[in-house]
Structures are given as C-alpha cells and as structure tokens.
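Novice: Got a structure for you, work-v3.txt, holding compact mmCIF, N, CA, C and O atoms.
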# COMPACT_ATOMS: atom_id res chain seq x y z
N MET A 1 46.13 -18.70 2.96
CA MET A 1 44.94 -18.24 2.26
C MET A 1 44.58 -19.19 1.12
O MET A 1 43.43 -19.37 0.83
N GLU A 2 45.56 -19.76 0.48
CA GLU A 2 45.32 -20.64 -0.66
C GLU A 2 44.53 -21.88 -0.26
O GLU A 2 43.77 -22.42 -1.04
N SER A 3 44.70 -22.37 0.96
CA SER A 3 44.01 -23.58 1.36
C SER A 3 42.53 -23.36 1.64
O SER A 3 41.77 -24.31 1.67
N THR A 4 42.10 -22.08 1.85
CA THR A 4 40.69 -21.83 2.14
C THR A 4 39.85 -21.75 0.87
O THR A 4 38.64 -21.82 0.94
N ILE A 5 40.50 -21.61 -0.29
CA ILE A 5 39.76 -21.55 -1.55
C ILE A 5 39.45 -22.97 -2.00
O ILE A 5 40.36 -23.79 -2.15
N PRO A 6 38.18 -23.31 -2.19
CA PRO A 6 37.84 -24.68 -2.63
C PRO A 6 38.43 -25.00 -4.00
O PRO A 6 38.68 -24.12 -4.82
N GLU A 7 38.67 -26.28 -4.23
CA GLU A 7 39.28 -26.74 -5.48
C GLU A 7 38.41 -26.40 -6.68
O GLU A 7 38.92 -26.08 -7.76
N VAL A 8 37.11 -26.44 -6.54
CA VAL A 8 36.21 -26.15 -7.65
C VAL A 8 36.38 -24.71 -8.13
O VAL A 8 36.37 -24.43 -9.33
N ILE A 9 36.58 -23.80 -7.21
CA ILE A 9 36.72 -22.40 -7.56
C ILE A 9 38.10 -22.14 -8.17
O ILE A 9 38.25 -21.33 -9.08
N ARG A 10 39.12 -22.86 -7.73
CA ARG A 10 40.47 -22.65 -8.26
C ARG A 10 40.64 -23.17 -9.67
O ARG A 10 41.65 -22.89 -10.31
N THR A 11 39.68 -23.91 -10.21
CA THR A 11 39.83 -24.43 -11.57
C THR A 11 39.77 -23.31 -12.61
O THR A 11 40.37 -23.43 -13.67
N VAL A 12 39.05 -22.23 -12.32
CA VAL A 12 38.99 -21.08 -13.22
C VAL A 12 39.75 -19.93 -12.55
O VAL A 12 39.39 -19.52 -11.45
N PRO A 13 40.79 -19.41 -13.20
CA PRO A 13 41.55 -18.31 -12.59
C PRO A 13 40.69 -17.05 -12.44
O PRO A 13 39.74 -16.81 -13.18
N LEU A 14 41.06 -16.24 -11.48
CA LEU A 14 40.33 -15.01 -11.19
C LEU A 14 40.37 -14.04 -12.37
O LEU A 14 39.40 -13.32 -12.63
N GLN A 15 41.45 -14.06 -13.14
CA GLN A 15 41.57 -13.16 -14.29
C GLN A 15 40.50 -13.44 -15.33
O GLN A 15 40.04 -12.52 -16.01
N HIS A 16 40.09 -14.69 -15.46
CA HIS A 16 39.04 -15.01 -16.43
C HIS A 16 37.72 -14.36 -16.05
O HIS A 16 36.98 -13.88 -16.91
N TYR A 17 37.42 -14.34 -14.76
CA TYR A 17 36.21 -13.67 -14.29
C TYR A 17 36.29 -12.16 -14.56
O TYR A 17 35.31 -11.54 -14.96
N VAL A 18 37.47 -11.59 -14.33
CA VAL A 18 37.64 -10.16 -14.55
C VAL A 18 37.48 -9.82 -16.03
O VAL A 18 36.79 -8.84 -16.39
N PHE A 19 38.09 -10.60 -16.91
CA PHE A 19 37.96 -10.34 -18.35
C PHE A 19 36.52 -10.53 -18.82
O PHE A 19 36.01 -9.74 -19.62
N PHE A 20 35.85 -11.56 -18.31
CA PHE A 20 34.45 -11.80 -18.67
C PHE A 20 33.56 -10.65 -18.21
O PHE A 20 32.72 -10.15 -18.98
N ALA A 21 33.75 -10.21 -16.98
CA ALA A 21 32.94 -9.11 -16.46
C ALA A 21 33.24 -7.82 -17.21
O ALA A 21 32.33 -7.03 -17.48
N ALA A 22 34.51 -7.59 -17.57
CA ALA A 22 34.85 -6.38 -18.33
C ALA A 22 34.20 -6.42 -19.71
O ALA A 22 33.72 -5.39 -20.20
N ALA A 23 34.18 -7.59 -20.33
CA ALA A 23 33.53 -7.72 -21.64
C ALA A 23 32.03 -7.47 -21.53
O ALA A 23 31.45 -6.74 -22.34
N LEU A 24 31.39 -8.05 -20.51
CA LEU A 24 29.96 -7.83 -20.31
C LEU A 24 29.65 -6.36 -20.06
O LEU A 24 28.71 -5.80 -20.63
N PHE A 25 30.45 -5.74 -19.22
CA PHE A 25 30.22 -4.33 -18.90
C PHE A 25 30.44 -3.46 -20.13
O PHE A 25 29.67 -2.52 -20.38
N SER A 26 31.46 -3.77 -20.92
CA SER A 26 31.73 -3.00 -22.14
C SER A 26 30.60 -3.14 -23.15
O SER A 26 30.20 -2.15 -23.80
N ILE A 27 30.06 -4.34 -23.30
CA ILE A 27 28.92 -4.55 -24.20
C ILE A 27 27.72 -3.74 -23.71
O ILE A 27 27.00 -3.13 -24.50
N GLY A 28 27.51 -3.72 -22.40
CA GLY A 28 26.41 -2.95 -21.84
C GLY A 28 26.56 -1.46 -22.07
O GLY A 28 25.61 -0.77 -22.47
N VAL A 29 27.76 -0.94 -21.86
CA VAL A 29 28.01 0.49 -22.08
C VAL A 29 27.84 0.83 -23.56
O VAL A 29 27.22 1.84 -23.91
N LEU A 30 28.37 -0.02 -24.43
CA LEU A 30 28.23 0.20 -25.86
C LEU A 30 26.76 0.21 -26.28
O LEU A 30 26.33 1.04 -27.08
N GLY A 31 25.97 -0.70 -25.71
CA GLY A 31 24.55 -0.75 -26.02
C GLY A 31 23.80 0.48 -25.54
O GLY A 31 22.93 1.00 -26.23
N VAL A 32 24.14 0.96 -24.35
CA VAL A 32 23.47 2.16 -23.82
C VAL A 32 23.81 3.38 -24.67
O VAL A 32 22.95 4.22 -24.94
N LEU A 33 25.06 3.46 -25.12
CA LEU A 33 25.48 4.65 -25.87
C LEU A 33 25.02 4.65 -27.32
O LEU A 33 24.88 5.71 -27.92
N THR A 34 24.81 3.47 -27.92
CA THR A 34 24.52 3.44 -29.35
C THR A 34 23.07 3.13 -29.69
O THR A 34 22.61 3.50 -30.77
N ARG A 35 22.33 2.48 -28.84
CA ARG A 35 20.96 2.09 -29.16
C ARG A 35 19.98 3.20 -28.85
O ARG A 35 20.22 4.04 -27.97
N ARG A 36 18.84 3.19 -29.54
CA ARG A 36 17.80 4.19 -29.31
C ARG A 36 16.53 3.57 -28.74
O ARG A 36 15.67 4.29 -28.26
N ASN A 37 16.41 2.26 -28.79
CA ASN A 37 15.23 1.58 -28.27
C ASN A 37 15.32 1.51 -26.74
O ASN A 37 16.32 1.05 -26.19
N ALA A 38 14.29 1.95 -26.05
CA ALA A 38 14.32 2.01 -24.59
C ALA A 38 14.45 0.63 -23.97
O ALA A 38 15.11 0.47 -22.94
N ILE A 39 13.86 -0.38 -24.57
CA ILE A 39 13.94 -1.73 -24.01
C ILE A 39 15.36 -2.28 -24.13
O ILE A 39 15.88 -2.89 -23.20
N ILE A 40 16.02 -2.02 -25.25
CA ILE A 40 17.40 -2.47 -25.44
C ILE A 40 18.32 -1.74 -24.46
O ILE A 40 19.22 -2.35 -23.87
N ILE A 41 18.11 -0.45 -24.27
CA ILE A 41 18.91 0.31 -23.31
C ILE A 41 18.71 -0.25 -21.91
O ILE A 41 19.67 -0.41 -21.14
N PHE A 42 17.49 -0.58 -21.59
CA PHE A 42 17.16 -1.14 -20.29
C PHE A 42 17.87 -2.49 -20.09
O PHE A 42 18.43 -2.76 -19.02
N MET A 43 17.88 -3.32 -21.12
CA MET A 43 18.56 -4.61 -21.03
C MET A 43 20.08 -4.43 -20.90
O MET A 43 20.74 -5.19 -20.19
N CYS A 44 20.63 -3.41 -21.53
CA CYS A 44 22.06 -3.16 -21.43
C CYS A 44 22.44 -2.68 -20.02
O CYS A 44 23.52 -3.04 -19.51
N VAL A 45 21.58 -1.92 -19.39
CA VAL A 45 21.84 -1.52 -17.99
C VAL A 45 21.83 -2.75 -17.09
O VAL A 45 22.67 -2.89 -16.20
N GLU A 46 20.90 -3.65 -17.33
CA GLU A 46 20.86 -4.90 -16.56
C GLU A 46 22.11 -5.74 -16.81
O GLU A 46 22.62 -6.40 -15.90
N LEU A 47 22.62 -5.72 -18.04
CA LEU A 47 23.84 -6.44 -18.36
C LEU A 47 25.02 -5.87 -17.58
O LEU A 47 25.87 -6.62 -17.09
N MET A 48 25.07 -4.56 -17.44
CA MET A 48 26.15 -3.94 -16.66
C MET A 48 26.03 -4.32 -15.18
O MET A 48 27.05 -4.58 -14.52
N LEU A 49 24.82 -4.36 -14.67
CA LEU A 49 24.63 -4.78 -13.27
C LEU A 49 25.07 -6.23 -13.07
O LEU A 49 25.68 -6.58 -12.05
N ASN A 50 24.79 -7.08 -14.05
CA ASN A 50 25.20 -8.48 -13.94
C ASN A 50 26.71 -8.64 -14.02
O ASN A 50 27.27 -9.53 -13.39
N ALA A 51 27.38 -7.78 -14.77
CA ALA A 51 28.85 -7.81 -14.81
C ALA A 51 29.43 -7.49 -13.44
O ALA A 51 30.37 -8.15 -12.98
N VAL A 52 28.84 -6.52 -12.78
CA VAL A 52 29.29 -6.19 -11.42
C VAL A 52 29.01 -7.35 -10.48
O VAL A 52 29.83 -7.67 -9.61
N ASN A 53 27.86 -7.98 -10.63
CA ASN A 53 27.53 -9.13 -9.78
C ASN A 53 28.52 -10.28 -9.97
O ASN A 53 28.90 -10.94 -9.00
N VAL A 54 28.93 -10.54 -11.20
CA VAL A 54 29.91 -11.60 -11.46
C VAL A 54 31.21 -11.30 -10.74
O VAL A 54 31.81 -12.18 -10.10
N LEU A 55 31.67 -10.06 -10.83
CA LEU A 55 32.92 -9.69 -10.16
C LEU A 55 32.80 -9.80 -8.64
O LEU A 55 33.70 -10.32 -7.98
N LEU A 56 31.71 -9.31 -8.10
CA LEU A 56 31.53 -9.40 -6.64
C LEU A 56 31.50 -10.84 -6.17
O LEU A 56 32.11 -11.19 -5.15
N ALA A 57 30.79 -11.70 -6.89
CA ALA A 57 30.71 -13.10 -6.50
C ALA A 57 32.06 -13.80 -6.65
O ALA A 57 32.45 -14.61 -5.80
N ALA A 58 32.80 -13.48 -7.71
CA ALA A 58 34.10 -14.11 -7.92
C ALA A 58 35.09 -13.69 -6.84
O ALA A 58 35.79 -14.54 -6.26
N PHE A 59 35.17 -12.40 -6.57
CA PHE A 59 36.09 -11.94 -5.53
C PHE A 59 35.69 -12.48 -4.16
O PHE A 59 36.54 -12.81 -3.33
N SER A 60 34.40 -12.57 -3.92
CA SER A 60 33.92 -13.11 -2.66
C SER A 60 34.31 -14.58 -2.50
O SER A 60 34.72 -15.01 -1.43
N ALA A 61 34.20 -15.33 -3.58
CA ALA A 61 34.56 -16.75 -3.51
C ALA A 61 36.07 -16.93 -3.35
O ALA A 61 36.51 -17.79 -2.58
N TYR A 62 36.85 -16.13 -4.05
CA TYR A 62 38.30 -16.27 -3.96
C TYR A 62 38.84 -15.82 -2.62
O TYR A 62 39.87 -16.31 -2.17
N ARG A 63 38.18 -14.88 -1.98
CA ARG A 63 38.64 -14.43 -0.66
C ARG A 63 37.98 -15.20 0.47
O ARG A 63 38.30 -14.97 1.63
N ALA A 64 37.05 -16.09 0.14
CA ALA A 64 36.29 -16.86 1.14
C ALA A 64 35.60 -15.91 2.12
O ALA A 64 35.58 -16.13 3.33
N ASP A 65 35.03 -14.84 1.58
CA ASP A 65 34.36 -13.82 2.38
C ASP A 65 32.95 -13.63 1.83
O ASP A 65 32.78 -13.30 0.66
N PRO A 66 31.92 -13.85 2.63
CA PRO A 66 30.55 -13.78 2.11
C PRO A 66 30.02 -12.36 1.89
O PRO A 66 28.91 -12.20 1.40
N ASN A 67 30.79 -11.33 2.21
CA ASN A 67 30.29 -9.95 2.06
C ASN A 67 29.95 -9.62 0.62
O ASN A 67 28.97 -8.93 0.34
N GLY A 68 30.75 -10.08 -0.32
CA GLY A 68 30.47 -9.82 -1.73
C GLY A 68 29.17 -10.46 -2.18
O GLY A 68 28.41 -9.88 -2.97
N GLN A 69 28.89 -11.64 -1.67
CA GLN A 69 27.65 -12.32 -2.05
C GLN A 69 26.44 -11.63 -1.44
O GLN A 69 25.36 -11.63 -2.03
N VAL A 70 26.60 -11.01 -0.28
CA VAL A 70 25.52 -10.23 0.32
C VAL A 70 25.23 -9.00 -0.55
O VAL A 70 24.06 -8.67 -0.80
N PHE A 71 26.29 -8.36 -1.05
CA PHE A 71 26.10 -7.22 -1.95
C PHE A 71 25.39 -7.66 -3.23
O PHE A 71 24.55 -6.93 -3.76
N VAL A 72 25.74 -8.84 -3.75
CA VAL A 72 25.08 -9.36 -4.94
C VAL A 72 23.59 -9.52 -4.68
O VAL A 72 22.76 -9.18 -5.53
N PHE A 73 23.24 -10.04 -3.52
CA PHE A 73 21.83 -10.20 -3.18
C PHE A 73 21.10 -8.86 -3.19
O PHE A 73 20.00 -8.74 -3.74
N PHE A 74 21.71 -7.83 -2.60
CA PHE A 74 21.06 -6.52 -2.57
C PHE A 74 20.99 -5.89 -3.95
O PHE A 74 20.00 -5.22 -4.29
N ILE A 75 22.02 -6.07 -4.76
CA ILE A 75 21.99 -5.54 -6.13
C ILE A 75 20.88 -6.22 -6.92
O ILE A 75 20.17 -5.57 -7.70
N MET A 76 20.70 -7.51 -6.72
CA MET A 76 19.63 -8.22 -7.43
C MET A 76 18.26 -7.73 -6.97
O MET A 76 17.33 -7.62 -7.78
N ALA A 77 18.12 -7.43 -5.70
CA ALA A 77 16.84 -6.91 -5.20
C ALA A 77 16.54 -5.52 -5.79
O ALA A 77 15.42 -5.24 -6.21
N VAL A 78 17.56 -4.67 -5.85
CA VAL A 78 17.38 -3.34 -6.43
C VAL A 78 17.09 -3.46 -7.93
O VAL A 78 16.26 -2.73 -8.48
N ALA A 79 17.77 -4.40 -8.61
CA ALA A 79 17.54 -4.60 -10.04
C ALA A 79 16.12 -5.08 -10.30
O ALA A 79 15.50 -4.70 -11.30
N ALA A 80 15.59 -5.92 -9.42
CA ALA A 80 14.22 -6.40 -9.60
C ALA A 80 13.23 -5.24 -9.45
O ALA A 80 12.27 -5.13 -10.23
N ALA A 81 13.47 -4.36 -8.49
CA ALA A 81 12.61 -3.19 -8.33
C ALA A 81 12.75 -2.26 -9.54
O ALA A 81 11.77 -1.69 -10.02
N GLU A 82 13.98 -2.13 -10.04
CA GLU A 82 14.21 -1.30 -11.23
C GLU A 82 13.48 -1.86 -12.44
O GLU A 82 12.90 -1.09 -13.22
N VAL A 83 13.47 -3.16 -12.58
CA VAL A 83 12.76 -3.79 -13.70
C VAL A 83 11.27 -3.51 -13.60
O VAL A 83 10.63 -3.17 -14.59
N ALA A 84 10.73 -3.64 -12.42
CA ALA A 84 9.29 -3.41 -12.25
C ALA A 84 8.91 -1.97 -12.60
O ALA A 84 7.97 -1.73 -13.35
N VAL A 85 9.65 -1.01 -12.08
CA VAL A 85 9.35 0.39 -12.34
C VAL A 85 9.68 0.76 -13.78
O VAL A 85 8.90 1.42 -14.47
N GLY A 86 10.86 0.34 -14.25
CA GLY A 86 11.29 0.69 -15.60
C GLY A 86 10.40 0.13 -16.68
O GLY A 86 10.04 0.84 -17.64
N LEU A 87 10.02 -1.13 -16.55
CA LEU A 87 9.13 -1.71 -17.57
C LEU A 87 7.75 -1.07 -17.53
O LEU A 87 7.11 -0.91 -18.57
N GLY A 88 7.30 -0.69 -16.35
CA GLY A 88 6.02 0.03 -16.26
C GLY A 88 6.09 1.36 -16.99
O GLY A 88 5.16 1.74 -17.71
N ILE A 89 7.20 2.07 -16.83
CA ILE A 89 7.37 3.35 -17.53
C ILE A 89 7.45 3.13 -19.03
O ILE A 89 6.83 3.86 -19.82
N ILE A 90 8.18 2.11 -19.45
CA ILE A 90 8.32 1.83 -20.89
C ILE A 90 6.98 1.45 -21.50
O ILE A 90 6.64 1.87 -22.61
N VAL A 91 6.18 0.67 -20.78
CA VAL A 91 4.86 0.28 -21.29
C VAL A 91 3.97 1.52 -21.43
O VAL A 91 3.25 1.67 -22.43
N MET A 92 4.01 2.43 -20.46
CA MET A 92 3.20 3.64 -20.56
C MET A 92 3.68 4.55 -21.69
O MET A 92 2.86 5.17 -22.37
N ILE A 93 4.98 4.61 -21.91
CA ILE A 93 5.49 5.39 -23.04
C ILE A 93 5.00 4.77 -24.35
O ILE A 93 4.58 5.48 -25.27
N TYR A 94 5.06 3.45 -24.44
CA TYR A 94 4.61 2.80 -25.67
C TYR A 94 3.12 3.02 -25.90
O TYR A 94 2.68 3.22 -27.03
N ARG A 95 2.34 3.00 -24.85
CA ARG A 95 0.90 3.23 -25.00
C ARG A 95 0.59 4.65 -25.46
O ARG A 95 -0.36 4.89 -26.19
N ASN A 96 1.43 5.60 -25.04
CA ASN A 96 1.17 7.00 -25.41
C ASN A 96 1.65 7.35 -26.81
O ASN A 96 0.96 8.06 -27.54
N ILE A 97 2.84 6.90 -27.20
CA ILE A 97 3.39 7.34 -28.49
C ILE A 97 3.59 6.19 -29.47
O ILE A 97 4.08 6.41 -30.58
N GLN A 98 3.22 4.96 -29.10
CA GLN A 98 3.28 3.79 -29.98
C GLN A 98 4.70 3.50 -30.49
O GLN A 98 4.87 2.97 -31.58
N ASN A 99 5.71 3.88 -29.70
CA ASN A 99 7.08 3.64 -30.08
C ASN A 99 7.95 3.68 -28.82
O ASN A 99 7.60 4.36 -27.86
N THR A 100 9.07 2.97 -28.84
CA THR A 100 9.98 2.99 -27.69
C THR A 100 11.30 3.66 -28.03
O THR A 100 12.29 3.48 -27.33
N ASP A 101 11.34 4.46 -29.09
CA ASP A 101 12.54 5.18 -29.48
C ASP A 101 12.75 6.34 -28.50
O ASP A 101 11.87 7.18 -28.30
N VAL A 102 13.94 6.39 -27.89
CA VAL A 102 14.18 7.43 -26.88
C VAL A 102 14.31 8.81 -27.50
O VAL A 102 14.17 9.81 -26.80
N ASN A 103 14.56 8.91 -28.79
CA ASN A 103 14.63 10.22 -29.44
C ASN A 103 13.25 10.86 -29.58
O ASN A 103 13.14 12.07 -29.75
N LEU A 104 12.20 10.06 -29.51
CA LEU A 104 10.84 10.59 -29.61
C LEU A 104 10.26 10.99 -28.26
O LEU A 104 9.11 11.41 -28.19
N LEU A 105 11.03 10.87 -27.20
CA LEU A 105 10.52 11.17 -25.88
C LEU A 105 10.40 12.67 -25.59
O LEU A 105 9.91 13.04 -24.55
N ASP A 106 10.83 13.51 -26.52
CA ASP A 106 10.67 14.95 -26.29
C ASP A 106 9.20 15.35 -26.36
O ASP A 106 8.84 16.43 -25.96
N ARG A 107 8.35 14.46 -26.84
CA ARG A 107 6.90 14.73 -26.85
C ARG A 107 6.33 14.74 -25.45
O ARG A 107 5.24 15.25 -25.22
N LEU A 108 7.04 14.18 -24.49
CA LEU A 108 6.54 14.13 -23.12
C LEU A 108 6.75 15.45 -22.38
O LEU A 108 6.28 15.62 -21.27
N LYS A 109 7.49 16.40 -22.99
CA LYS A 109 7.71 17.70 -22.37
C LYS A 109 6.43 18.52 -22.45
O LYS A 109 5.63 18.38 -23.34
N TRP A 110 6.29 19.46 -21.53
CA TRP A 110 5.12 20.33 -21.53
C TRP A 110 5.29 21.46 -22.47
O TRP A 110 6.15 22.13 -22.65
How does the structure come out when it is put into structure tokens?
Specialist:
Amino acid sequence: MESTIPEVIRTVPLQHYVFFAAALFSIGVLGVLTRRNAIIIFMCVELMLNAVNVLLAAFSAYRADPNGQVFVFFIMAVAAAEVAVGLGIIVMIYRNIQNTDVNLLDRLKW
C-alpha cells in the first residue's frame, strides 16, 4: 500500500491534515455558537464544510481511492446551492429589517 501513495503526498503526514481539519471545524462550530450576525454564521458553516472536504480529500489521496474526491465534488455542489439560497434569504432579511442579527429574526413570526 505504501508504494501506491505518491511521494508528494507523503511529504505531509496524514495527522497534520486531521489536526488542520479539526481546527477548522472547531473554529466553525465556535463561530456558529457565539456569533449573532447571519453572514458570519453562514461563513462558519461553510468553514465546517471545507474542513470535511479537506479530510475527505486527504484520506482519498492517502488510500489512492477516488471515492473521497467524488464526495468532495458533491459537497462543493451542495455548498454552492446553499450559498445561492442562503445569501438570497440573508439579503431579503436585510432588506426587511435593515440588520442581519439573528436575535432580531423573531420579527418574521406571524
């Protein structure tokens, strides 16, 4: 199995990718839990998705299996659709209440 991993990929150990992705995911979770601005929360969710993408791509490269990279492609496609819909919702919220604070969203209730 060791001979199928290219030399370029073996220069960085797999643990470094795992620690990096864990740090990115932790920053994203911390941002979602502590911030009140909808745009910042949205960016933190995207950061968590990118952490998962880093792990999938790293494990895929280390195992010489393209399945992880296919999942990354689909996650990126779903994230692009999420950005389109989410930013549209955020823009409409801003137009209605002139603020993106999620604590003020109770005004949208009937």
Novice: Counting all atoms listed in the file, which residues of region 52-100 of chain A sit at most 7 Å from some atom of region 27-48 of chain A, and what is each one's closest atom pair with its distance in Å to one decimal, listed by chain and rising residue number, as a tab-separated table?
Specialist:
residue	atom	partner	partner_atom	distance
A:Val52	N	A:Met48	O	3.2
A:Asn53	N	A:Met48	O	5.2
A:Ile90	CA	A:Ala38	C	7.0
A:Thr100	O	A:Ala38	N	2.8
Novice: So that I can check the surroundings of region 67-70 of chain A, please list as a PyMOL selection string every protein, DNA and RNA residue that reaches within 6 Å of it, counting only C-alpha atoms and ignoring chain neighbours fewer than 5 positions away.
Specialist: chain A and resi 56-57+60
Novice: Rounded to one decimal in Å, what is the spacing between atom C of Ile5 (chain A) and CA of Phe25 (chain A)?
Specialist: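 Pair atom C of Ile5 (chain A) / CA of Phe25 (chain A) returns 26.8 Å.
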Novice: Report, in Å to a single decimal, how far apart CA of Gln15 (chain A) and CA of Tyr62 (chain A) are.
Specialist: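 The value is 11.3 Å.
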Novice: Write out as a PyMOL selection string all residues of chain A that DSSP puts in alpha helix (DSSP H) for this structure's backbone.
Specialist: chain A and resi 7-10+14-34+38-63+67-97
Novice: I'd like the interatomic distance between CA of Ala23 (chain A) and CA of Ala51 (chain A), to a tenth of an Å.
Specialist: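 Here the two named atoms are 8.3 Å from each other.
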Novice: Since the input lacks atoms, please generate all heavy atoms for region 50-59 of chain A and provide them as a PDB file, keeping the file's coordinate frame.
Specialist:
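After the write, rebuild-v8.pdb holds the following:
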ATOM      1  N   ASN A  50      24.790  -7.080 -14.050  1.00  0.00           N
ATOM      2  CA  ASN A  50      25.200  -8.480 -13.940  1.00  0.00           C
ATOM      3  C   ASN A  50      26.710  -8.640 -14.020  1.00  0.00           C
ATOM      4  O   ASN A  50      27.270  -9.530 -13.390  1.00  0.00           O
ATOM      5  CB  ASN A  50      24.507  -9.328 -15.003  1.00  0.00           C
ATOM      6  CG  ASN A  50      23.063  -9.571 -14.657  1.00  0.00           C
ATOM      7  OD1 ASN A  50      22.692  -9.605 -13.495  1.00  0.00           O
ATOM      8  ND2 ASN A  50      22.247  -9.737 -15.671  1.00  0.00           N
ATOM      9  N   ALA A  51      27.380  -7.780 -14.770  1.00  0.00           N
ATOM     10  CA  ALA A  51      28.850  -7.810 -14.810  1.00  0.00           C
ATOM     11  C   ALA A  51      29.430  -7.490 -13.440  1.00  0.00           C
ATOM     12  O   ALA A  51      30.370  -8.150 -12.980  1.00  0.00           O
ATOM     13  CB  ALA A  51      29.367  -6.833 -15.855  1.00  0.00           C
ATOM     14  N   VAL A  52      28.840  -6.520 -12.780  1.00  0.00           N
ATOM     15  CA  VAL A  52      29.290  -6.190 -11.420  1.00  0.00           C
ATOM     16  C   VAL A  52      29.010  -7.350 -10.480  1.00  0.00           C
ATOM     17  O   VAL A  52      29.830  -7.670  -9.610  1.00  0.00           O
ATOM     18  CB  VAL A  52      28.607  -4.889 -10.944  1.00  0.00           C
ATOM     19  CG1 VAL A  52      28.887  -4.621  -9.481  1.00  0.00           C
ATOM     20  CG2 VAL A  52      29.050  -3.718 -11.799  1.00  0.00           C
ATOM     21  N   ASN A  53      27.860  -7.980 -10.630  1.00  0.00           N
ATOM     22  CA  ASN A  53      27.530  -9.130  -9.780  1.00  0.00           C
ATOM     23  C   ASN A  53      28.520 -10.280  -9.970  1.00  0.00           C
ATOM     24  O   ASN A  53      28.900 -10.940  -9.000  1.00  0.00           O
ATOM     25  CB  ASN A  53      26.115  -9.614 -10.065  1.00  0.00           C
ATOM     26  CG  ASN A  53      25.072  -8.733  -9.448  1.00  0.00           C
ATOM     27  OD1 ASN A  53      25.370  -7.946  -8.557  1.00  0.00           O
ATOM     28  ND2 ASN A  53      23.855  -8.840  -9.921  1.00  0.00           N
ATOM     29  N   VAL A  54      28.930 -10.540 -11.200  1.00  0.00           N
ATOM     30  CA  VAL A  54      29.910 -11.600 -11.460  1.00  0.00           C
ATOM     31  C   VAL A  54      31.210 -11.300 -10.740  1.00  0.00           C
ATOM     32  O   VAL A  54      31.810 -12.180 -10.100  1.00  0.00           O
ATOM     33  CB  VAL A  54      30.138 -11.765 -12.985  1.00  0.00           C
ATOM     34  CG1 VAL A  54      31.376 -12.582 -13.271  1.00  0.00           C
ATOM     35  CG2 VAL A  54      28.928 -12.403 -13.628  1.00  0.00           C
ATOM     36  N   LEU A  55      31.670 -10.060 -10.830  1.00  0.00           N
ATOM     37  CA  LEU A  55      32.920  -9.690 -10.160  1.00  0.00           C
ATOM     38  C   LEU A  55      32.800  -9.800  -8.640  1.00  0.00           C
ATOM     39  O   LEU A  55      33.700 -10.320  -7.980  1.00  0.00           O
ATOM     40  CB  LEU A  55      33.324  -8.272 -10.530  1.00  0.00           C
ATOM     41  CG  LEU A  55      34.163  -8.116 -11.772  1.00  0.00           C
ATOM     42  CD1 LEU A  55      34.563  -6.664 -11.975  1.00  0.00           C
ATOM     43  CD2 LEU A  55      35.380  -8.977 -11.720  1.00  0.00           C
ATOM     44  N   LEU A  56      31.710  -9.310  -8.100  1.00  0.00           N
ATOM     45  CA  LEU A  56      31.530  -9.400  -6.640  1.00  0.00           C
ATOM     46  C   LEU A  56      31.500 -10.840  -6.170  1.00  0.00           C
ATOM     47  O   LEU A  56      32.110 -11.190  -5.150  1.00  0.00           O
ATOM     48  CB  LEU A  56      30.254  -8.669  -6.224  1.00  0.00           C
ATOM     49  CG  LEU A  56      30.334  -7.156  -6.161  1.00  0.00           C
ATOM     50  CD1 LEU A  56      28.958  -6.569  -5.924  1.00  0.00           C
ATOM     51  CD2 LEU A  56      31.290  -6.718  -5.080  1.00  0.00           C
ATOM     52  N   ALA A  57      30.790 -11.700  -6.890  1.00  0.00           N
ATOM     53  CA  ALA A  57      30.710 -13.100  -6.500  1.00  0.00           C
ATOM     54  C   ALA A  57      32.060 -13.800  -6.650  1.00  0.00           C
ATOM     55  O   ALA A  57      32.450 -14.610  -5.800  1.00  0.00           O
ATOM     56  CB  ALA A  57      29.648 -13.819  -7.332  1.00  0.00           C
ATOM     57  N   ALA A  58      32.800 -13.480  -7.710  1.00  0.00           N
ATOM     58  CA  ALA A  58      34.100 -14.110  -7.920  1.00  0.00           C
ATOM     59  C   ALA A  58      35.090 -13.690  -6.840  1.00  0.00           C
ATOM     60  O   ALA A  58      35.790 -14.540  -6.260  1.00  0.00           O
ATOM     61  CB  ALA A  58      34.641 -13.760  -9.301  1.00  0.00           C
ATOM     62  N   PHE A  59      35.170 -12.400  -6.570  1.00  0.00           N
ATOM     63  CA  PHE A  59      36.090 -11.940  -5.530  1.00  0.00           C
ATOM     64  C   PHE A  59      35.690 -12.480  -4.160  1.00  0.00           C
ATOM     65  O   PHE A  59      36.540 -12.810  -3.330  1.00  0.00           O
ATOM     66  CB  PHE A  59      36.173 -10.424  -5.495  1.00  0.00           C
ATOM     67  CG  PHE A  59      36.991  -9.840  -6.609  1.00  0.00           C
ATOM     68  CD1 PHE A  59      36.494  -8.818  -7.391  1.00  0.00           C
ATOM     69  CD2 PHE A  59      38.264 -10.318  -6.881  1.00  0.00           C
ATOM     70  CE1 PHE A  59      37.243  -8.276  -8.419  1.00  0.00           C
ATOM     71  CE2 PHE A  59      39.029  -9.784  -7.903  1.00  0.00           C
ATOM     72  CZ  PHE A  59      38.514  -8.760  -8.672  1.00  0.00           C
TER      73      PHE A  59
END
